[in-house]
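To start, the structure itself, in structure tokens.
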Amino acid sequence: MKNIVILISGRGSNMQAVVEARIPDARVALVLSNKSDAAGLAWAAQQGIATAALNHRDYADRAAFDRAMIAEIDRHRPDLVLLAGFMRILTPEFCAHYAGHLINIHPSLLPSFPGLHTHRRAIEEGCRLAGCTVHFATAELDSGPIIAQAAVPVLDGDNEDTLAARVLAAEHRILPQAVADFLAGSLKTDGRRVLGRAQAEAGSRLEN
Ligand code: GRF
């Protein structure tokens, strides 16, 4: 049985999509949030999943907070640490500790639009396609080998909310599959890129 630890900061709909995918031979061992009132924590607890909240404001600095997170996460012996709407920047030490076992979902077609406000920026730039990316996380924000992407159209009249909703539905489709592919051992990387089957499938997956 593979253990997944999922980090969230709010709603947790991507975490929910992974739980509901019922990935064979895998369990969500812990949902951890930096906000004790994150809606996703309550949902996970209702499912009988272990939850924890660590408030980053209780720690002297980012390094101390990340060390506390590592201690909590490692109690659950994770095979995969999933960043699913976790809105804190992680230290290089944290990223190195889970290197190759740390996956992030980001609501843009990386390498376009790392960081915040991705949907607003895509609309402002006049993009006709937007989307989402699942990638191995590295110390550099929203970078690392790409595992899966889905594209959606930007429609006339879209605003940040309508585009976000369309992208979010795509996130919920590609994230559980990427997690399953990772846990099945079918994702190989050369350090910079993901090689092989999963990447080829992602390239042909155009959502509408
Ligand atoms: C998602 O769009 C995720 O890609 C981004 O923040 C949002 C979190 O949504 N990083 P949820 O908490 O998974 O519902």
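Labels for the structure tokens follow display order: chains A, B, ..., residues from 1 in each chain, ligands from 1.
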
For this session: Report as an MDAnalysis selection string: the residues of segment 3-152 of chain A with a DSSP assignment of alpha helix (DSSP H), based on the backbone of this structure.
Result: chainID A and resid 13:20 39:46 62:74 92:97 118:124

Could you tell me, counting only C-alpha atoms and all ligand atoms, which protein and nucleic acid residues lie no more than 9 Å from ligand 1, written as a PDB file with N, CA, C and O atoms, in the first residue's frame?
```
ATOM      1  N   ILE A   8      -2.752  21.062   1.551  1.00  0.00           N
ATOM      2  CA  ILE A   8      -3.758  21.990   1.032  1.00  0.00           C
ATOM      3  C   ILE A   8      -3.735  23.277   1.856  1.00  0.00           C
ATOM      4  O   ILE A   8      -3.179  23.307   2.956  1.00  0.00           O
ATOM      5  N   SER A   9      -4.392  24.308   1.289  1.00  0.00           N
ATOM      6  CA  SER A   9      -4.565  25.539   2.072  1.00  0.00           C
ATOM      7  C   SER A   9      -6.017  25.977   2.153  1.00  0.00           C
ATOM      8  O   SER A   9      -6.318  26.926   2.877  1.00  0.00           O
ATOM      9  N   GLY A  10      -6.902  25.339   1.392  1.00  0.00           N
ATOM     10  CA  GLY A  10      -8.273  25.840   1.356  1.00  0.00           C
ATOM     11  C   GLY A  10      -9.295  24.780   1.033  1.00  0.00           C
ATOM     12  O   GLY A  10      -9.399  23.763   1.731  1.00  0.00           O
ATOM     13  N   ARG A  11      -9.980  25.012  -0.077  1.00  0.00           N
ATOM     14  CA  ARG A  11     -11.130  24.192  -0.468  1.00  0.00           C
ATOM     15  C   ARG A  11     -10.810  22.706  -0.592  1.00  0.00           C
ATOM     16  O   ARG A  11     -11.583  21.843  -0.188  1.00  0.00           O
ATOM     17  N   GLY A  12      -9.692  22.389  -1.218  1.00  0.00           N
ATOM     18  CA  GLY A  12      -9.273  20.988  -1.291  1.00  0.00           C
ATOM     19  C   GLY A  12      -9.999  20.155  -2.326  1.00  0.00           C
ATOM     20  O   GLY A  12     -10.074  18.933  -2.199  1.00  0.00           O
ATOM     21  N   SER A  13     -10.484  20.789  -3.389  1.00  0.00           N
ATOM     22  CA  SER A  13     -11.224  19.990  -4.373  1.00  0.00           C
ATOM     23  C   SER A  13     -10.300  19.050  -5.150  1.00  0.00           C
ATOM     24  O   SER A  13     -10.728  17.959  -5.556  1.00  0.00           O
ATOM     25  N   ASN A  14      -9.053  19.438  -5.356  1.00  0.00           N
ATOM     26  CA  ASN A  14      -8.111  18.516  -6.012  1.00  0.00           C
ATOM     27  C   ASN A  14      -7.792  17.335  -5.101  1.00  0.00           C
ATOM     28  O   ASN A  14      -7.691  16.196  -5.564  1.00  0.00           O
ATOM     29  N   MET A  15      -7.613  17.597  -3.818  1.00  0.00           N
ATOM     30  CA  MET A  15      -7.412  16.514  -2.846  1.00  0.00           C
ATOM     31  C   MET A  15      -8.605  15.558  -2.889  1.00  0.00           C
ATOM     32  O   MET A  15      -8.446  14.328  -2.916  1.00  0.00           O
ATOM     33  N   GLN A  16      -9.812  16.143  -2.937  1.00  0.00           N
ATOM     34  CA  GLN A  16     -11.029  15.335  -2.988  1.00  0.00           C
ATOM     35  C   GLN A  16     -11.045  14.468  -4.254  1.00  0.00           C
ATOM     36  O   GLN A  16     -11.413  13.283  -4.198  1.00  0.00           O
ATOM     37  N   ALA A  17     -10.623  15.033  -5.373  1.00  0.00           N
ATOM     38  CA  ALA A  17     -10.605  14.259  -6.625  1.00  0.00           C
ATOM     39  C   ALA A  17      -9.659  13.063  -6.510  1.00  0.00           C
ATOM     40  O   ALA A  17      -9.957  11.969  -7.006  1.00  0.00           O
ATOM     41  N   ALA A  38      -9.262  25.351   6.886  1.00  0.00           N
ATOM     42  CA  ALA A  38      -9.382  24.961   5.474  1.00  0.00           C
ATOM     43  C   ALA A  38     -10.565  24.005   5.301  1.00  0.00           C
ATOM     44  O   ALA A  38     -10.667  22.998   6.016  1.00  0.00           O
ATOM     45  N   ALA A  39     -11.434  24.321   4.352  1.00  0.00           N
ATOM     46  CA  ALA A  39     -12.633  23.493   4.154  1.00  0.00           C
ATOM     47  C   ALA A  39     -12.260  22.046   3.828  1.00  0.00           C
ATOM     48  O   ALA A  39     -12.945  21.107   4.245  1.00  0.00           O
ATOM     49  N   GLY A  40     -11.170  21.882   3.108  1.00  0.00           N
ATOM     50  CA  GLY A  40     -10.761  20.538   2.722  1.00  0.00           C
ATOM     51  C   GLY A  40     -10.400  19.655   3.908  1.00  0.00           C
ATOM     52  O   GLY A  40     -10.546  18.428   3.849  1.00  0.00           O
ATOM     53  N   LEU A  83       1.228  18.515  -3.536  1.00  0.00           N
ATOM     54  CA  LEU A  83       0.876  19.909  -3.273  1.00  0.00           C
ATOM     55  C   LEU A  83      -0.374  20.206  -4.085  1.00  0.00           C
ATOM     56  O   LEU A  83      -0.315  20.297  -5.314  1.00  0.00           O
ATOM     57  N   ALA A  84      -1.517  20.303  -3.415  1.00  0.00           N
ATOM     58  CA  ALA A  84      -2.797  20.462  -4.116  1.00  0.00           C
ATOM     59  C   ALA A  84      -3.476  21.722  -3.594  1.00  0.00           C
ATOM     60  O   ALA A  84      -4.323  21.676  -2.707  1.00  0.00           O
ATOM     61  N   GLY A  85      -3.039  22.860  -4.146  1.00  0.00           N
ATOM     62  CA  GLY A  85      -3.569  24.120  -3.648  1.00  0.00           C
ATOM     63  C   GLY A  85      -2.939  24.514  -2.335  1.00  0.00           C
ATOM     64  O   GLY A  85      -3.588  25.107  -1.476  1.00  0.00           O
ATOM     65  N   PHE A  86      -1.664  24.182  -2.173  1.00  0.00           N
ATOM     66  CA  PHE A  86      -0.925  24.583  -0.969  1.00  0.00           C
ATOM     67  C   PHE A  86      -0.232  25.902  -1.294  1.00  0.00           C
ATOM     68  O   PHE A  86       0.621  25.958  -2.185  1.00  0.00           O
ATOM     69  N   MET A  87      -0.625  26.953  -0.573  1.00  0.00           N
ATOM     70  CA  MET A  87      -0.285  28.306  -1.008  1.00  0.00           C
ATOM     71  C   MET A  87       0.903  28.904  -0.249  1.00  0.00           C
ATOM     72  O   MET A  87       0.968  30.105  -0.035  1.00  0.00           O
ATOM     73  N   ASN A 104       3.193  18.792  -7.774  1.00  0.00           N
ATOM     74  CA  ASN A 104       2.365  19.984  -7.623  1.00  0.00           C
ATOM     75  C   ASN A 104       1.357  20.061  -8.766  1.00  0.00           C
ATOM     76  O   ASN A 104       1.645  19.630  -9.880  1.00  0.00           O
ATOM     77  N   ILE A 105       0.176  20.612  -8.466  1.00  0.00           N
ATOM     78  CA  ILE A 105      -0.787  20.958  -9.528  1.00  0.00           C
ATOM     79  C   ILE A 105      -0.843  22.464  -9.614  1.00  0.00           C
ATOM     80  O   ILE A 105      -0.962  23.149  -8.588  1.00  0.00           O
ATOM     81  N   HIS A 106      -0.712  22.979 -10.840  1.00  0.00           N
ATOM     82  CA  HIS A 106      -0.682  24.430 -11.036  1.00  0.00           C
ATOM     83  C   HIS A 106      -1.688  24.803 -12.119  1.00  0.00           C
ATOM     84  O   HIS A 106      -1.733  24.159 -13.172  1.00  0.00           O
ATOM     85  N   PRO A 107      -2.470  25.866 -11.899  1.00  0.00           N
ATOM     86  CA  PRO A 107      -3.544  26.189 -12.847  1.00  0.00           C
ATOM     87  C   PRO A 107      -3.114  27.069 -14.018  1.00  0.00           C
ATOM     88  O   PRO A 107      -3.684  28.121 -14.274  1.00  0.00           O
ATOM     89  N   SER A 108      -2.075  26.629 -14.733  1.00  0.00           N
ATOM     90  CA  SER A 108      -1.721  27.258 -16.020  1.00  0.00           C
ATOM     91  C   SER A 108      -0.962  26.225 -16.825  1.00  0.00           C
ATOM     92  O   SER A 108      -0.544  25.187 -16.293  1.00  0.00           O
ATOM     93  N   GLY A 115       3.242  31.191 -10.545  1.00  0.00           N
ATOM     94  CA  GLY A 115       2.808  32.163  -9.532  1.00  0.00           C
ATOM     95  C   GLY A 115       1.298  32.302  -9.459  1.00  0.00           C
ATOM     96  O   GLY A 115       0.558  31.384  -9.811  1.00  0.00           O
ATOM     97  N   LEU A 116       0.862  33.474  -8.990  1.00  0.00           N
ATOM     98  CA  LEU A 116      -0.561  33.695  -8.671  1.00  0.00           C
ATOM     99  C   LEU A 116      -1.329  34.317  -9.835  1.00  0.00           C
ATOM    100  O   LEU A 116      -0.733  34.761 -10.821  1.00  0.00           O
ATOM    101  N   CYS A 132      -3.882  23.555 -17.231  1.00  0.00           N
ATOM    102  CA  CYS A 132      -3.268  23.208 -15.954  1.00  0.00           C
ATOM    103  C   CYS A 132      -2.128  22.222 -16.185  1.00  0.00           C
ATOM    104  O   CYS A 132      -2.058  21.565 -17.237  1.00  0.00           O
ATOM    105  N   THR A 133      -1.255  22.155 -15.193  1.00  0.00           N
ATOM    106  CA  THR A 133      -0.047  21.345 -15.295  1.00  0.00           C
ATOM    107  C   THR A 133       0.165  20.586 -13.994  1.00  0.00           C
ATOM    108  O   THR A 133       0.076  21.170 -12.904  1.00  0.00           O
ATOM    109  N   VAL A 134       0.454  19.304 -14.111  1.00  0.00           N
ATOM    110  CA  VAL A 134       0.940  18.522 -12.971  1.00  0.00           C
ATOM    111  C   VAL A 134       2.430  18.305 -13.206  1.00  0.00           C
ATOM    112  O   VAL A 134       2.837  17.865 -14.282  1.00  0.00           O
ATOM    113  N   ALA A 164     -11.474  29.926 -14.407  1.00  0.00           N
ATOM    114  CA  ALA A 164     -10.969  29.092 -13.298  1.00  0.00           C
ATOM    115  C   ALA A 164     -11.796  27.820 -13.161  1.00  0.00           C
ATOM    116  O   ALA A 164     -11.249  26.733 -12.928  1.00  0.00           O
ATOM    117  N   ALA A 165     -13.111  27.939 -13.314  1.00  0.00           N
ATOM    118  CA  ALA A 165     -13.983  26.762 -13.170  1.00  0.00           C
ATOM    119  C   ALA A 165     -13.702  25.747 -14.270  1.00  0.00           C
ATOM    120  O   ALA A 165     -13.672  24.530 -14.018  1.00  0.00           O
ATOM    121  N   VAL A 167     -10.868  25.390 -15.956  1.00  0.00           N
ATOM    122  CA  VAL A 167      -9.543  24.797 -15.705  1.00  0.00           C
ATOM    123  C   VAL A 167      -9.618  23.809 -14.538  1.00  0.00           C
ATOM    124  O   VAL A 167      -9.013  22.729 -14.585  1.00  0.00           O
ATOM    125  N   LEU A 168     -10.378  24.169 -13.498  1.00  0.00           N
ATOM    126  CA  LEU A 168     -10.442  23.306 -12.314  1.00  0.00           C
ATOM    127  C   LEU A 168     -11.003  21.928 -12.672  1.00  0.00           C
ATOM    128  O   LEU A 168     -10.521  20.903 -12.170  1.00  0.00           O
ATOM    129  N   GLU A 171      -8.229  20.063 -14.006  1.00  0.00           N
ATOM    130  CA  GLU A 171      -7.313  19.655 -12.925  1.00  0.00           C
ATOM    131  C   GLU A 171      -7.791  18.360 -12.285  1.00  0.00           C
ATOM    132  O   GLU A 171      -7.007  17.446 -12.030  1.00  0.00           O
ATOM    133  N   HIS A 172      -9.098  18.311 -12.046  1.00  0.00           N
ATOM    134  CA  HIS A 172      -9.656  17.127 -11.375  1.00  0.00           C
ATOM    135  C   HIS A 172      -9.552  15.885 -12.249  1.00  0.00           C
ATOM    136  O   HIS A 172      -9.567  14.768 -11.733  1.00  0.00           O
TER     137      HIS A 172
END
```

Exercise. Between atom CA of Ala52 of chain A and atom CA of Val31 of chain A, what is the distance, to one decimal in Å?
Worked result: 6.5 Å

For this session: Find the spatial neighbours of Asp74 of chain A, counting only C-alpha atoms, within a cut-off of 12 Å - ignore same-chain residues fewer than 4 positions away - and output them as a ChimeraX atom specification.
Result: /A:3-5,29-30,32,66-70,78-81,94,97-98

Where does DSSP see strand (DSSP E) in segment 5-204 of chain A, if you list the residues as a compact mmCIF listing (two decimals) with N, CA and C atoms, in the first residue's frame?
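Writing the result to selection_18.txt gives the following:
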```txt
# COMPACT_ATOMS: atom_id res chain seq x y z
N VAL A 5 0.56 11.78 1.05
CA VAL A 5 0.29 12.90 1.95
C VAL A 5 -0.05 14.10 1.08
N ILE A 6 -1.18 14.73 1.36
CA ILE A 6 -1.64 15.85 0.52
C ILE A 6 -1.63 17.13 1.33
N LEU A 7 -1.00 18.17 0.79
CA LEU A 7 -0.93 19.48 1.44
C LEU A 7 -1.93 20.42 0.76
N ILE A 8 -2.75 21.06 1.55
CA ILE A 8 -3.76 21.99 1.03
C ILE A 8 -3.73 23.28 1.86
N ALA A 26 -3.26 2.33 -2.98
CA ALA A 26 -2.81 3.62 -2.45
C ALA A 26 -3.84 4.13 -1.46
N ARG A 27 -3.34 4.88 -0.48
CA ARG A 27 -4.25 5.50 0.49
C ARG A 27 -3.76 6.91 0.79
N VAL A 28 -4.69 7.80 1.05
CA VAL A 28 -4.31 9.13 1.51
C VAL A 28 -4.09 9.00 3.02
N ALA A 29 -2.82 9.07 3.42
CA ALA A 29 -2.46 8.81 4.81
C ALA A 29 -2.64 10.05 5.68
N LEU A 30 -2.55 11.23 5.07
CA LEU A 30 -2.65 12.47 5.83
C LEU A 30 -3.01 13.61 4.88
N VAL A 31 -3.91 14.47 5.34
CA VAL A 31 -4.12 15.76 4.68
C VAL A 31 -3.65 16.82 5.66
N LEU A 32 -2.70 17.61 5.22
CA LEU A 32 -2.05 18.61 6.08
C LEU A 32 -2.31 20.00 5.50
N SER A 33 -2.66 20.93 6.37
CA SER A 33 -2.92 22.30 5.92
C SER A 33 -2.18 23.29 6.79
N THR A 51 -5.96 14.10 9.57
CA THR A 51 -5.71 15.49 9.18
C THR A 51 -4.82 16.16 10.22
N ALA A 52 -4.13 17.19 9.79
CA ALA A 52 -3.32 17.99 10.70
C ALA A 52 -3.26 19.41 10.16
N ALA A 53 -3.14 20.36 11.06
CA ALA A 53 -2.97 21.76 10.67
C ALA A 53 -1.77 22.33 11.42
N LEU A 80 4.48 9.61 -1.69
CA LEU A 80 4.22 10.79 -2.52
C LEU A 80 3.71 11.91 -1.62
N VAL A 81 4.28 13.10 -1.78
CA VAL A 81 3.76 14.30 -1.14
C VAL A 81 3.18 15.17 -2.25
N LEU A 82 1.90 15.45 -2.13
CA LEU A 82 1.18 16.13 -3.20
C LEU A 82 0.81 17.54 -2.75
N LEU A 83 1.23 18.51 -3.54
CA LEU A 83 0.88 19.91 -3.27
C LEU A 83 -0.37 20.21 -4.08
N LEU A 102 7.69 14.62 -4.85
CA LEU A 102 6.93 15.85 -4.56
C LEU A 102 6.29 16.33 -5.86
N ILE A 103 4.96 16.36 -5.88
CA ILE A 103 4.23 16.70 -7.11
C ILE A 103 3.29 17.86 -6.81
N ASN A 104 3.19 18.79 -7.77
CA ASN A 104 2.37 19.98 -7.62
C ASN A 104 1.36 20.06 -8.77
N ILE A 105 0.18 20.61 -8.47
CA ILE A 105 -0.79 20.96 -9.53
C ILE A 105 -0.84 22.46 -9.61
N HIS A 106 -0.71 22.98 -10.84
CA HIS A 106 -0.68 24.43 -11.04
C HIS A 106 -1.69 24.80 -12.12
N LEU A 129 -5.96 29.66 -25.34
CA LEU A 129 -5.94 28.41 -24.59
C LEU A 129 -5.39 28.69 -23.20
N ALA A 130 -5.98 28.03 -22.22
CA ALA A 130 -5.45 28.04 -20.86
C ALA A 130 -5.40 26.59 -20.42
N GLY A 131 -5.08 26.34 -19.17
CA GLY A 131 -5.04 24.94 -18.75
C GLY A 131 -4.35 24.76 -17.43
N CYS A 132 -3.88 23.55 -17.23
CA CYS A 132 -3.27 23.21 -15.95
C CYS A 132 -2.13 22.22 -16.19
N THR A 133 -1.25 22.15 -15.19
CA THR A 133 -0.05 21.34 -15.29
C THR A 133 0.17 20.59 -13.99
N VAL A 134 0.45 19.30 -14.11
CA VAL A 134 0.94 18.52 -12.97
C VAL A 134 2.43 18.30 -13.21
N HIS A 135 3.24 18.64 -12.20
CA HIS A 135 4.69 18.53 -12.40
C HIS A 135 5.38 18.15 -11.10
N PHE A 136 6.55 17.55 -11.26
CA PHE A 136 7.41 17.35 -10.10
C PHE A 136 7.84 18.72 -9.60
N ILE A 146 7.47 18.18 -16.21
CA ILE A 146 6.01 18.17 -16.43
C ILE A 146 5.53 16.73 -16.60
N ILE A 147 4.51 16.38 -15.83
CA ILE A 147 3.93 15.02 -15.87
C ILE A 147 2.72 14.99 -16.77
N ALA A 148 1.83 15.96 -16.64
CA ALA A 148 0.60 15.97 -17.43
C ALA A 148 0.12 17.40 -17.58
N GLN A 149 -0.51 17.66 -18.71
CA GLN A 149 -1.14 18.96 -18.92
C GLN A 149 -2.48 18.75 -19.59
N ALA A 150 -3.40 19.67 -19.33
CA ALA A 150 -4.66 19.70 -20.06
C ALA A 150 -4.91 21.14 -20.48
N ALA A 151 -5.38 21.29 -21.71
CA ALA A 151 -5.70 22.62 -22.23
C ALA A 151 -7.21 22.79 -22.32
N VAL A 152 -7.66 23.99 -22.05
CA VAL A 152 -9.07 24.34 -22.23
C VAL A 152 -9.12 25.65 -23.02
N PRO A 153 -10.22 25.90 -23.75
CA PRO A 153 -10.31 27.17 -24.47
C PRO A 153 -10.58 28.33 -23.52
N LYS A 188 9.31 8.15 -15.58
CA LYS A 188 10.77 8.24 -15.48
C LYS A 188 11.17 9.65 -15.87
N THR A 189 12.18 10.20 -15.20
CA THR A 189 12.65 11.52 -15.63
C THR A 189 14.14 11.47 -15.91
N VAL A 194 10.01 14.54 -18.00
CA VAL A 194 9.46 13.20 -17.80
C VAL A 194 9.49 12.48 -19.13
N LEU A 195 9.97 11.25 -19.10
CA LEU A 195 10.13 10.48 -20.33
C LEU A 195 9.04 9.42 -20.42
```

For this session: May I ask for the distance between atom CA of Ala139 of chain A and atom CA of Leu110 of chain A, given in Å to one decimal place?
Result: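 These two atoms are separated by 15.5 Å.
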
For this session: Rank nothing, just name the residue among A:Gly157, A:Gly191, A:Gly48, A:Pro24 nearest to Ser143 of chain A, using only C-alpha atoms.
Result: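 Checking each candidate against Ser143 of chain A, we get A:Gly191 as the closest.
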
Exercise. Of the candidates A:Arg22, A:Arg77, A:Arg57, A:Arg128, which shows the shortest atom-to-atom distance to His101 of chain A, using only C-alpha atoms?
Worked result: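 So, comparing all the options, the nearest one is A:Arg77.
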
For this session: For Glu140 of chain A, work out the shell of residues within 10 Å, counting only C-alpha atoms and skipping chain neighbours fewer than 2 positions away, then give it as a PyMOL selection string.
Result: chain A and resi 89-92+95+137-138+142-144

For this session: Determine, counting only C-alpha atoms, which protein, DNA and RNA residues have an atom within 12 Å of an atom of Glu125 of chain A; residues of the same chain fewer than 5 positions away are not included. Present the result as a list in words.
Result: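 With the cut-off at 12 Å, the set is Ser112, Phe113, Thr118, His119, Arg120, Ala130 and Val154 of chain A.
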
Export of the given selection (N, CA, C and O atoms) as a compact mmCIF listing (two decimals), in the first residue's frame:
```
# COMPACT_ATOMS: atom_id res chain seq x y z
N SER A 112 4.24 28.91 -18.96
CA SER A 112 3.53 30.19 -18.89
C SER A 112 2.88 30.35 -17.52
O SER A 112 2.32 29.39 -16.98
N PHE A 113 2.93 31.54 -17.01
CA PHE A 113 2.20 31.95 -15.81
C PHE A 113 2.48 31.14 -14.55
O PHE A 113 1.56 30.58 -13.94
N THR A 118 -3.23 33.28 -12.23
CA THR A 118 -2.94 32.73 -13.56
C THR A 118 -4.08 32.99 -14.55
O THR A 118 -3.81 33.30 -15.71
N HIS A 119 -5.32 32.87 -14.10
CA HIS A 119 -6.45 33.01 -15.04
C HIS A 119 -6.61 34.47 -15.47
O HIS A 119 -6.81 34.75 -16.65
N ARG A 120 -6.47 35.39 -14.51
CA ARG A 120 -6.55 36.80 -14.86
C ARG A 120 -5.46 37.15 -15.87
O ARG A 120 -5.70 37.84 -16.85
N ALA A 130 -5.98 28.03 -22.22
CA ALA A 130 -5.45 28.04 -20.86
C ALA A 130 -5.40 26.59 -20.42
O ALA A 130 -5.64 25.68 -21.22
N VAL A 154 -10.09 29.51 -23.90
CA VAL A 154 -10.53 30.76 -23.26
C VAL A 154 -11.62 31.30 -24.17
O VAL A 154 -11.37 31.57 -25.35
```

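With only C-alpha atoms as the atoms that count, the residue of A:Ile174, A:Asn159, A:Asp190, A:Leu54 with the shortest distance to Asp37 of chain A is A:Leu54.
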
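For the choices A:Lys2, A:Leu163, A:Ala50, A:Arg193, the atom-to-atom distance to Ile23 of chain A is smallest for A:Lys2 when using only C-alpha atoms.
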
For this session: May I ask for the distance between atom CA of Pro111 of chain A and atom CA of Val179 of chain A, given in Å to one decimal place?
Result: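 Value for the atom CA of Pro111 of chain A-atom CA of Val179 of chain A distance: 20.5 Å.
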